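What follows is a single structure, written as structure tokens, with notes after it.
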Amino acid sequence: MFTHHFKMKSIFSYFLVALIVLLSSCVKNNNPDPVNPPDPTDPTSGIPATFDWKTIKELKLTISVNQVQGYSADAIHVIRVYNSLAFDGSTLLATGAARPSAPYNLNIAVASPIPHVYVQETRPDGLVRVRKVDILSTNLNVNLEAEPGDSPIVFRANALAGPSFPSPSIPIPTQYDVIVNNNNSLTTTGFAAGETSAHGNTYKSYLIPAGFTRTSAISTSHGSAHAILYVQGILNVGSKIDLNRTSIVVLPGGQVITSDGINTGTFAVNIPIIYVDNGGSITMSKPLNITNGIDVVNKGLITINGGNNTGIDLNGASTIYNEGTITLTANKGDFKITNSSKVYNSGVINSDDLSMSVSTLMHNDHGAAINVKKWYMTNTAVLDNYGVVTAQTEFGSSGGGFVNNYCRIVAGLTSIQSMTAVLESGSLWISDRFYANNSSIQMIGGSMFVIGSSEGNIFRLTVTGPSQSFAVFYNYGSMTDLRWAQTSFTGSVEYVQETLVDGTGTNGRGLYESSFSGGALLVKEQTKNIPASGCNLSMGVISNGGGNPNPGPDPVFASFFPSESGWGTYAFEDLYPHTGDYDMNDIVISFRASFFSNPSNLITELHLDYKIEAIGATQIIAAAFQLDMVPASNILSVTGQELGGGEIFSVSANGTEVGVTEAVVPLFNNAKHLEDTRGQTFLNTMKGRTHYATSLRKIVVKFATPVSQNSLNMSNFNFFISTVERGREIHLPTFRATSKYDSKFFTANLMPSDRFKNKEGMMFGLMFPERFNYPAEGKDIREAYLFFVDWARSGGNLHSDWFMDREGYRNAELIY
């Protein structure tokens, strides 16, 4: 092992440091820093020297409000800023206070491709308005004084009640036939002919008791009578669990863990084959395959955290009853529901993708939630939604599909083809973008469909309002020309388009009028009131009935990056100052930064939630952040640091690094001390190997004196790693080194104007405003992401969305 403290002189010092760096680093590039000039055809060449490598844009907002009659000029107006129409924690960027006497000034950061934000004002009288703000510069002045076309909204609770489907039960013995408290060979056979239970059990029962961990596999596939394996302790195995004539029941406090998956076979009984009770959990790293018409009941936790395309395959008229939480954390994790299968969800389902086909049913109960990136349905699939469905990237259909929406659907893009949708009274469908082909939407009176824009791909869309009362279809942005789109709005539907103008030019009334008949309205300002419900976010209320509602409890004042419940990512190369292989996985850290303020909008606390996702390095990697405009003396306390396993950072009593002027807050001294690599060199970078879940951690920084938002935001939140020794820091481009950076690392391989770029302009670290699907071990980001080079060569002007999960943007074979 190499010592962390070097005392070397003259040119010998440089060569010895270089040798140590190369030998102790994750040496994945056999020819770092080539002597010959780069080939002009090399994708690295042509990067502008001034390129900042940022995937975000930093904004300053000044939000002004008008005095409300009957309230003072100092009355608080609560302001919330969102990056999309979802209006939930995944899109909330900031919440704060404005007064007629004092505007709300804030600094936020958003993903570079985002074209606008939404500003929501809750007035002292409880009325609310929403304003779409186009991002036309980095300084945005938003005046929320009442204007024609503003729609005040009042929030009330009026939850819809949906039906519940009780899940099937399974017998829980008072006494068990076999106690499994050893690792001996075991097959869970049922009762033989003429054999019965001494305890009156219908099925032969096996129990792994509380306090015992079994690590030997159990054969749960056999041809005899049905048996049930009950897990009250822990079953932790490395092999696949095949369930054939055996049910598995996870009791409260029990755990089933497999680094493989679970398959189901054939059964001759009418009881659940997998049953997870409250407080029980199943964790696996490979798919859960459910077929042959069986039932699965989950009241606890089912987690699948494997590599690419690991998920749940529900097939053959099988059914899942989920009253707990099902989470698929794998990249491209897919919840597939096919061939007459059904899901009854009254809990929470989290997955990258969810797809339905061939006469399937998803019933999402009142109070339940489904959170996915992409939703896809086809071929007579049915969604009955009484809860909340969120499709962050896309809610799509093709070739058929039926949606009955009783509560709320939220989507980045709604792209429907040959779909029939019914929006019941009090429901809401909300989407940033909207495409439709050969589809029909029936809007019952009191329902609402809200979109950010629809600038193309509308053809043969039929929107009908069959009720006496009106529904509202609200468009904040543009709509494509409908004159030849064979599209119609009929009945009690009011279509509101904020950008509507007279004439036949862009957004001209003449482009749409022929599509409206039978009492349907085409307007620029909403005139039809939509009563508030517990599902529609009160987005259609334009009258509070003369009342003076309570605006709710005092708000939390904070700004968030990338959002209140979203995740960003830091990804680093560790060969600095030398050029590595650019797989950008030497350390990958997901994070969320929350800046909490007082009512004067001064920051009192900083919270950093983080999780080490991958380690593709052999050496010690430590991490910290510097608050570039906050002195160390203004830090009152730091909690959550884990500084064992290394000696790179030492801290003072207040949690800041010893011997610095600006506040440097270490997170950890050794990534591998926090996350066990299970005997492997790397963690979660090698395709085909087991993916291991990692732990969520939290740093809390409290300030002695509150800090202004100009002094603490993402532009001066300076995250970095150190390797081998303290002075070897690796920052993002444009950020400055700390006072402990050792200038011996500022070599000729680096750009003179920015020590955290190499001489060709390539960076050593990147930050992303979302979870980043990093390249697999040894796979170059320039080849894994197909528009990365164009983005870099353009100085960030082209393909600013290159890192997003969009069709044709990636070589999936090179992504972990």
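Ligands are numbered from 1 in the order shown, chains are lettered A, B, ... in the order of the structure tokens, and residues start at 1 in each chain.
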Give me the residues near region 669-677 of chain A as an MDAnalysis selection string, where near means some atom within 7 Å (using only C-alpha atoms) and where sequence neighbours in that chain fewer than 2 positions away do not count.
chainID A and resid 620:623 643:649 679:683 694
With only C-alpha atoms as the counted atoms, please give the residues lying no more than 9 Å from Ile815 (chain A), apart from itself and same-chain residues fewer than 6 positions off, as a ChimeraX atom specification.
/A:308,687,773-777,779,781,784-785
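When only C-alpha atoms are used to compute distances to Gly279 (chain A), the closest of the residues A:Thr734, A:Asp295, A:Gln255, A:Ala391 turns out to be A:Gln255.
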Compile the contact shell of Ile63 (chain A) as a ChimeraX atom specification: residues with an atom at most 12 Å away, counting only C-alpha atoms, same-chain residues fewer than 2 positions apart removed.
/A:60-61,65-66,77-81,95-107,118-121,131,133,139-145
Export, as a compact mmCIF listing (two decimals), in the first residue's frame, the selected residues with N, CA, C and O atoms.
```txt
# COMPACT_ATOMS: atom_id res chain seq x y z
N LYS A 60 -31.93 32.74 -11.81
CA LYS A 60 -32.30 33.65 -10.71
C LYS A 60 -33.71 34.14 -10.99
O LYS A 60 -33.97 34.72 -12.03
N LEU A 61 -34.60 33.89 -10.04
CA LEU A 61 -35.99 34.30 -10.19
C LEU A 61 -36.32 35.39 -9.18
O LEU A 61 -35.92 35.31 -8.01
N VAL A 65 -45.71 39.73 -6.10
CA VAL A 65 -47.14 39.46 -5.92
C VAL A 65 -47.88 40.76 -5.64
O VAL A 65 -47.29 41.78 -5.25
N ASN A 66 -49.19 40.72 -5.81
CA ASN A 66 -50.04 41.88 -5.61
C ASN A 66 -50.76 41.77 -4.27
O ASN A 66 -51.06 40.67 -3.80
N HIS A 77 -47.52 35.35 0.75
CA HIS A 77 -48.04 34.59 -0.37
C HIS A 77 -47.07 33.43 -0.57
O HIS A 77 -45.88 33.65 -0.82
N VAL A 78 -47.55 32.20 -0.45
CA VAL A 78 -46.68 31.04 -0.58
C VAL A 78 -46.41 30.79 -2.06
O VAL A 78 -47.35 30.69 -2.87
N ILE A 79 -45.14 30.66 -2.40
CA ILE A 79 -44.72 30.44 -3.79
C ILE A 79 -44.10 29.06 -3.91
O ILE A 79 -43.25 28.68 -3.10
N ARG A 80 -44.54 28.31 -4.92
CA ARG A 80 -43.92 27.02 -5.25
C ARG A 80 -43.54 27.04 -6.72
O ARG A 80 -44.32 27.49 -7.56
N VAL A 81 -42.36 26.52 -7.00
CA VAL A 81 -41.86 26.49 -8.38
C VAL A 81 -41.64 25.04 -8.77
O VAL A 81 -41.00 24.28 -8.03
N THR A 95 -39.92 26.20 -2.63
CA THR A 95 -41.10 26.76 -1.99
C THR A 95 -40.63 27.85 -1.05
O THR A 95 -39.65 27.69 -0.32
N GLY A 96 -41.30 29.00 -1.11
CA GLY A 96 -40.86 30.14 -0.32
C GLY A 96 -41.96 31.15 -0.13
O GLY A 96 -43.14 30.85 -0.32
N ALA A 97 -41.58 32.36 0.22
CA ALA A 97 -42.56 33.39 0.57
C ALA A 97 -42.31 34.67 -0.21
O ALA A 97 -41.18 35.12 -0.33
N ALA A 98 -43.38 35.23 -0.74
CA ALA A 98 -43.35 36.57 -1.32
C ALA A 98 -44.37 37.43 -0.58
O ALA A 98 -45.37 36.91 -0.07
N ARG A 99 -44.12 38.70 -0.51
CA ARG A 99 -45.06 39.67 0.06
C ARG A 99 -45.22 40.81 -0.95
O ARG A 99 -44.30 41.08 -1.71
N PRO A 100 -46.37 41.46 -0.94
CA PRO A 100 -46.49 42.63 -1.81
C PRO A 100 -45.40 43.66 -1.56
O PRO A 100 -44.98 44.38 -2.48
N SER A 101 -44.90 43.69 -0.32
CA SER A 101 -43.84 44.65 0.03
C SER A 101 -42.44 44.11 -0.25
O SER A 101 -41.47 44.86 -0.17
N ALA A 102 -42.33 42.83 -0.55
CA ALA A 102 -41.00 42.24 -0.75
C ALA A 102 -41.12 41.02 -1.66
O ALA A 102 -41.78 40.04 -1.30
N PRO A 103 -40.51 41.03 -2.84
CA PRO A 103 -40.59 39.87 -3.75
C PRO A 103 -39.80 38.68 -3.20
O PRO A 103 -39.00 38.81 -2.27
N TYR A 104 -40.05 37.52 -3.79
CA TYR A 104 -39.33 36.30 -3.46
C TYR A 104 -38.18 36.17 -4.45
O TYR A 104 -38.38 36.04 -5.65
N ASN A 105 -36.95 36.23 -3.94
CA ASN A 105 -35.75 36.07 -4.76
C ASN A 105 -35.15 34.71 -4.48
O ASN A 105 -34.90 34.35 -3.33
N LEU A 106 -34.91 33.95 -5.54
CA LEU A 106 -34.35 32.62 -5.33
C LEU A 106 -33.46 32.21 -6.48
O LEU A 106 -33.57 32.76 -7.59
N ASN A 107 -32.57 31.29 -6.18
CA ASN A 107 -31.68 30.69 -7.17
C ASN A 107 -32.03 29.21 -7.29
O ASN A 107 -32.09 28.50 -6.29
N TYR A 118 -43.09 26.28 -13.86
CA TYR A 118 -44.43 26.69 -13.47
C TYR A 118 -44.35 27.28 -12.07
O TYR A 118 -43.82 26.66 -11.15
N VAL A 119 -44.89 28.49 -11.92
CA VAL A 119 -44.88 29.19 -10.63
C VAL A 119 -46.30 29.18 -10.08
O VAL A 119 -47.24 29.63 -10.74
N GLN A 120 -46.44 28.66 -8.89
CA GLN A 120 -47.75 28.55 -8.24
C GLN A 120 -47.77 29.47 -7.03
O GLN A 120 -46.87 29.43 -6.19
N GLU A 121 -48.80 30.30 -6.96
CA GLU A 121 -48.96 31.24 -5.84
C GLU A 121 -50.18 30.85 -5.02
O GLU A 121 -51.28 30.68 -5.57
N ARG A 131 -48.70 30.06 -13.06
CA ARG A 131 -48.17 30.80 -14.21
C ARG A 131 -47.06 30.00 -14.86
O ARG A 131 -46.13 29.55 -14.20
N VAL A 133 -43.84 29.97 -17.02
CA VAL A 133 -42.78 30.95 -17.26
C VAL A 133 -41.75 30.35 -18.20
O VAL A 133 -41.06 29.39 -17.85
N ASN A 139 -32.02 35.26 -15.86
CA ASN A 139 -32.67 36.12 -14.87
C ASN A 139 -34.14 36.28 -15.27
O ASN A 139 -34.43 36.85 -16.34
N LEU A 140 -35.03 35.79 -14.43
CA LEU A 140 -36.45 35.79 -14.75
C LEU A 140 -37.21 36.63 -13.73
O LEU A 140 -37.12 36.39 -12.52
N ASN A 141 -37.93 37.62 -14.22
CA ASN A 141 -38.80 38.43 -13.38
C ASN A 141 -40.24 37.99 -13.62
O ASN A 141 -40.75 38.09 -14.74
N VAL A 142 -40.88 37.51 -12.58
CA VAL A 142 -42.24 36.97 -12.68
C VAL A 142 -43.16 37.84 -11.83
O VAL A 142 -43.00 37.92 -10.61
N ASN A 143 -44.11 38.49 -12.48
CA ASN A 143 -45.07 39.34 -11.78
C ASN A 143 -46.40 38.61 -11.72
O ASN A 143 -47.03 38.37 -12.75
N LEU A 144 -46.82 38.25 -10.53
CA LEU A 144 -48.05 37.47 -10.36
C LEU A 144 -49.26 38.34 -10.08
O LEU A 144 -50.27 37.86 -9.55
N GLU A 145 -49.18 39.63 -10.40
CA GLU A 145 -50.37 40.46 -10.29
C GLU A 145 -51.45 39.93 -11.22
O GLU A 145 -51.17 39.38 -12.28
```
Separation of CA of Ala94 (chain A) from CA of Leu798 (chain A) in Å
28.1 Å
Extract, using only C-alpha atoms, all DNA, RNA and protein residues at most 10 Å from Asn716 (chain A), discarding same-chain residues fewer than 2 positions from it, and format them as a list in words.
Phe625, Gln626, Leu627, Asp628, Met629, Val630, Asn710, Ser711, Leu712, Asn713, Met714, Asn718, Phe719, Phe735 and Arg736 of chain A
Write the residues you've just listed into a file as a compact mmCIF listing (two decimals), in the first residue's frame, and include all heavy atoms for each of them.
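Output (selection.txt):
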```txt
# COMPACT_ATOMS: atom_id res chain seq x y z
N PHE A 625 -17.59 18.26 -0.05
CA PHE A 625 -18.01 19.43 -0.83
C PHE A 625 -17.53 20.68 -0.13
O PHE A 625 -17.42 20.73 1.10
CB PHE A 625 -19.53 19.48 -1.06
CG PHE A 625 -20.38 19.48 0.19
CD1 PHE A 625 -20.65 20.65 0.90
CD2 PHE A 625 -20.92 18.29 0.66
CE1 PHE A 625 -21.45 20.64 2.03
CE2 PHE A 625 -21.72 18.27 1.80
CZ PHE A 625 -21.98 19.44 2.49
N GLN A 626 -17.19 21.67 -0.95
CA GLN A 626 -16.81 22.98 -0.43
C GLN A 626 -17.95 23.95 -0.73
O GLN A 626 -18.48 23.97 -1.84
CB GLN A 626 -15.53 23.49 -1.08
CG GLN A 626 -15.16 24.92 -0.63
CD GLN A 626 -13.78 25.33 -1.12
OE1 GLN A 626 -12.78 25.06 -0.46
NE2 GLN A 626 -13.72 25.97 -2.28
N LEU A 627 -18.32 24.73 0.26
CA LEU A 627 -19.27 25.82 0.06
C LEU A 627 -18.44 27.06 -0.23
O LEU A 627 -17.88 27.69 0.68
CB LEU A 627 -20.15 25.99 1.30
CG LEU A 627 -20.90 24.71 1.74
CD1 LEU A 627 -21.73 24.99 2.98
CD2 LEU A 627 -21.76 24.17 0.61
N ASP A 628 -18.34 27.41 -1.51
CA ASP A 628 -17.33 28.38 -1.95
C ASP A 628 -17.51 29.77 -1.35
O ASP A 628 -16.57 30.54 -1.29
CB ASP A 628 -17.36 28.49 -3.48
CG ASP A 628 -16.76 27.27 -4.15
OD1 ASP A 628 -16.06 26.50 -3.48
OD2 ASP A 628 -16.99 27.09 -5.37
N MET A 629 -18.73 30.10 -0.91
CA MET A 629 -18.98 31.44 -0.41
C MET A 629 -19.46 31.43 1.05
O MET A 629 -20.07 32.39 1.52
CB MET A 629 -20.01 32.15 -1.29
CG MET A 629 -19.56 32.32 -2.73
SD MET A 629 -20.73 33.21 -3.78
CE MET A 629 -20.63 34.86 -3.05
N VAL A 630 -19.16 30.35 1.75
CA VAL A 630 -19.52 30.25 3.18
C VAL A 630 -18.26 29.95 3.98
O VAL A 630 -17.60 28.94 3.73
CB VAL A 630 -20.57 29.14 3.41
CG1 VAL A 630 -20.89 29.01 4.89
CG2 VAL A 630 -21.83 29.39 2.60
N ASN A 710 -27.86 33.79 -2.73
CA ASN A 710 -26.76 34.07 -3.68
C ASN A 710 -25.47 33.41 -3.24
O ASN A 710 -24.61 33.09 -4.07
CB ASN A 710 -26.55 35.58 -3.82
CG ASN A 710 -27.61 36.22 -4.68
OD1 ASN A 710 -28.20 35.57 -5.55
ND2 ASN A 710 -27.88 37.50 -4.44
N SER A 711 -25.32 33.20 -1.93
CA SER A 711 -24.08 32.63 -1.40
C SER A 711 -24.12 31.11 -1.32
O SER A 711 -23.09 30.48 -1.10
CB SER A 711 -23.78 33.20 -0.01
OG SER A 711 -23.56 34.59 -0.07
N LEU A 712 -25.30 30.52 -1.49
CA LEU A 712 -25.40 29.06 -1.37
C LEU A 712 -26.46 28.54 -2.34
O LEU A 712 -27.66 28.66 -2.11
CB LEU A 712 -25.74 28.65 0.06
CG LEU A 712 -25.81 27.14 0.33
CD1 LEU A 712 -24.55 26.44 -0.14
CD2 LEU A 712 -26.05 26.88 1.81
N ASN A 713 -25.99 27.99 -3.44
CA ASN A 713 -26.85 27.39 -4.46
C ASN A 713 -25.98 26.43 -5.25
O ASN A 713 -24.81 26.23 -4.94
CB ASN A 713 -27.51 28.46 -5.34
CG ASN A 713 -26.49 29.43 -5.91
OD1 ASN A 713 -25.69 29.06 -6.76
ND2 ASN A 713 -26.51 30.68 -5.45
N MET A 714 -26.53 25.83 -6.28
CA MET A 714 -25.77 24.80 -7.00
C MET A 714 -24.58 25.37 -7.76
O MET A 714 -23.66 24.61 -8.12
CB MET A 714 -26.69 24.03 -7.94
CG MET A 714 -27.71 23.16 -7.23
SD MET A 714 -27.01 22.05 -5.98
CE MET A 714 -26.00 20.96 -6.99
N ASN A 718 -19.70 22.97 -4.32
CA ASN A 718 -18.51 22.50 -5.02
C ASN A 718 -18.15 21.09 -4.55
O ASN A 718 -17.34 20.90 -3.64
CB ASN A 718 -17.37 23.50 -4.75
CG ASN A 718 -16.12 23.20 -5.54
OD1 ASN A 718 -16.00 22.17 -6.18
ND2 ASN A 718 -15.17 24.12 -5.47
N PHE A 719 -18.77 20.09 -5.18
CA PHE A 719 -18.56 18.70 -4.80
C PHE A 719 -17.28 18.18 -5.46
O PHE A 719 -17.01 18.46 -6.63
CB PHE A 719 -19.75 17.86 -5.26
CG PHE A 719 -19.78 16.46 -4.72
CD1 PHE A 719 -20.45 16.17 -3.55
CD2 PHE A 719 -19.13 15.42 -5.37
CE1 PHE A 719 -20.50 14.88 -3.03
CE2 PHE A 719 -19.15 14.13 -4.86
CZ PHE A 719 -19.83 13.86 -3.69
N PHE A 735 -15.23 24.75 -11.46
CA PHE A 735 -15.16 24.89 -10.01
C PHE A 735 -13.70 24.99 -9.57
O PHE A 735 -12.81 24.40 -10.18
CB PHE A 735 -15.84 23.71 -9.31
CG PHE A 735 -17.34 23.78 -9.35
CD1 PHE A 735 -18.05 23.25 -10.41
CD2 PHE A 735 -18.05 24.40 -8.33
CE1 PHE A 735 -19.43 23.31 -10.46
CE2 PHE A 735 -19.43 24.47 -8.36
CZ PHE A 735 -20.13 23.93 -9.43
N ARG A 736 -13.48 25.71 -8.50
CA ARG A 736 -12.11 25.93 -8.05
C ARG A 736 -11.68 24.89 -7.03
O ARG A 736 -12.52 24.29 -6.34
CB ARG A 736 -11.94 27.33 -7.48
CG ARG A 736 -12.84 27.69 -6.31
CD ARG A 736 -12.74 29.18 -6.03
NE ARG A 736 -13.68 29.65 -5.03
CZ ARG A 736 -13.41 29.78 -3.75
NH1 ARG A 736 -12.21 29.43 -3.28
NH2 ARG A 736 -14.31 30.25 -2.90
```
Contacts of Gln486 (chain A) at 9 Å (only C-alpha atoms; same-chain gap of 6+ positions) as JSON, numbers by chain:
{"A": [458, 459, 460, 461, 462, 515]}
Using only C-alpha atoms, which residues sit within 8 Å of Pro124 (chain A) once same-chain residues fewer than 5 positions away are excluded, as a list in words?
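The residues that qualify are Val68, Tyr71, Ala75, Ile76, His77 and Pro551 of chain A.
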Atoms to include: N, CA and C atoms. Write the selected residues as a PDB file, in the first residue's frame.
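Saved result, result_25.pdb, follows:
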```
ATOM      1  N   VAL A  68     -53.660  41.584  -1.679  1.00  0.00           N
ATOM      2  CA  VAL A  68     -55.027  41.083  -1.717  1.00  0.00           C
ATOM      3  C   VAL A  68     -55.894  41.948  -0.806  1.00  0.00           C
ATOM      4  N   TYR A  71     -56.028  42.203   3.217  1.00  0.00           N
ATOM      5  CA  TYR A  71     -54.795  41.680   3.802  1.00  0.00           C
ATOM      6  C   TYR A  71     -53.704  42.729   3.666  1.00  0.00           C
ATOM      7  N   ALA A  75     -48.473  40.486   4.224  1.00  0.00           N
ATOM      8  CA  ALA A  75     -49.036  39.140   4.290  1.00  0.00           C
ATOM      9  C   ALA A  75     -48.278  38.204   3.350  1.00  0.00           C
ATOM     10  N   ILE A  76     -48.045  36.991   3.830  1.00  0.00           N
ATOM     11  CA  ILE A  76     -47.258  36.020   3.067  1.00  0.00           C
ATOM     12  C   ILE A  76     -48.094  35.410   1.950  1.00  0.00           C
ATOM     13  N   HIS A  77     -47.523  35.353   0.749  1.00  0.00           N
ATOM     14  CA  HIS A  77     -48.038  34.588  -0.367  1.00  0.00           C
ATOM     15  C   HIS A  77     -47.069  33.426  -0.570  1.00  0.00           C
ATOM     16  N   PRO A 551     -55.761  28.488   3.822  1.00  0.00           N
ATOM     17  CA  PRO A 551     -54.722  28.087   2.866  1.00  0.00           C
ATOM     18  C   PRO A 551     -53.859  26.935   3.347  1.00  0.00           C
TER      19      PRO A 551
END
```
Determine, counting only C-alpha atoms, which protein, DNA and RNA residues have an atom within 8 Å of an atom of Ile370 (chain A); residues of the same chain fewer than 3 positions away are not included. Present the result as number ranges by chain.
A: 348-350, 364, 388-390
Can you list every residue in region 175-229 of chain A that DSSP puts in strand (DSSP E), as JSON, numbers by chain?
{"A": [178, 179, 204, 205, 206, 207, 208, 213, 214, 227, 228, 229]}
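Minimum distance to Ser453 (chain A) across A:Arg483, A:Arg678, A:Arg433, A:Arg245 (counting only C-alpha atoms) occurs at A:Arg433.
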What does the distance between CA of Ser594 (chain A) and CA of Val130 (chain A) come to in Å, to one decimal place?
23.3 Å
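Between Lys373 (chain A) and the residues A:Pro769, A:Pro48, A:Gly412, A:Gly223, the shortest atom-to-atom distance, using only C-alpha atoms, involves A:Gly412.
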Nearest to Val269 (chain A) by atom-to-atom distance, counting only C-alpha atoms, from A:Ser341, A:Thr283, A:Thr246, A:Thr360:
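Nearest to Val269 (chain A): A:Thr246.
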Residues of region 538-719 of chain A classed as alpha helix (DSSP H) by DSSP on the backbone are to be reported as a VMD selection string.
chain A and resid 671 to 674
With distances taken over only C-alpha atoms, which residue among A:Ala217, A:Met419, A:Ile274, A:Leu750 lies nearest Thr258 (chain A)?
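Of A:Ala217, A:Met419, A:Ile274, A:Leu750, the one nearest Thr258 (chain A) is A:Ala217, counting only C-alpha atoms.
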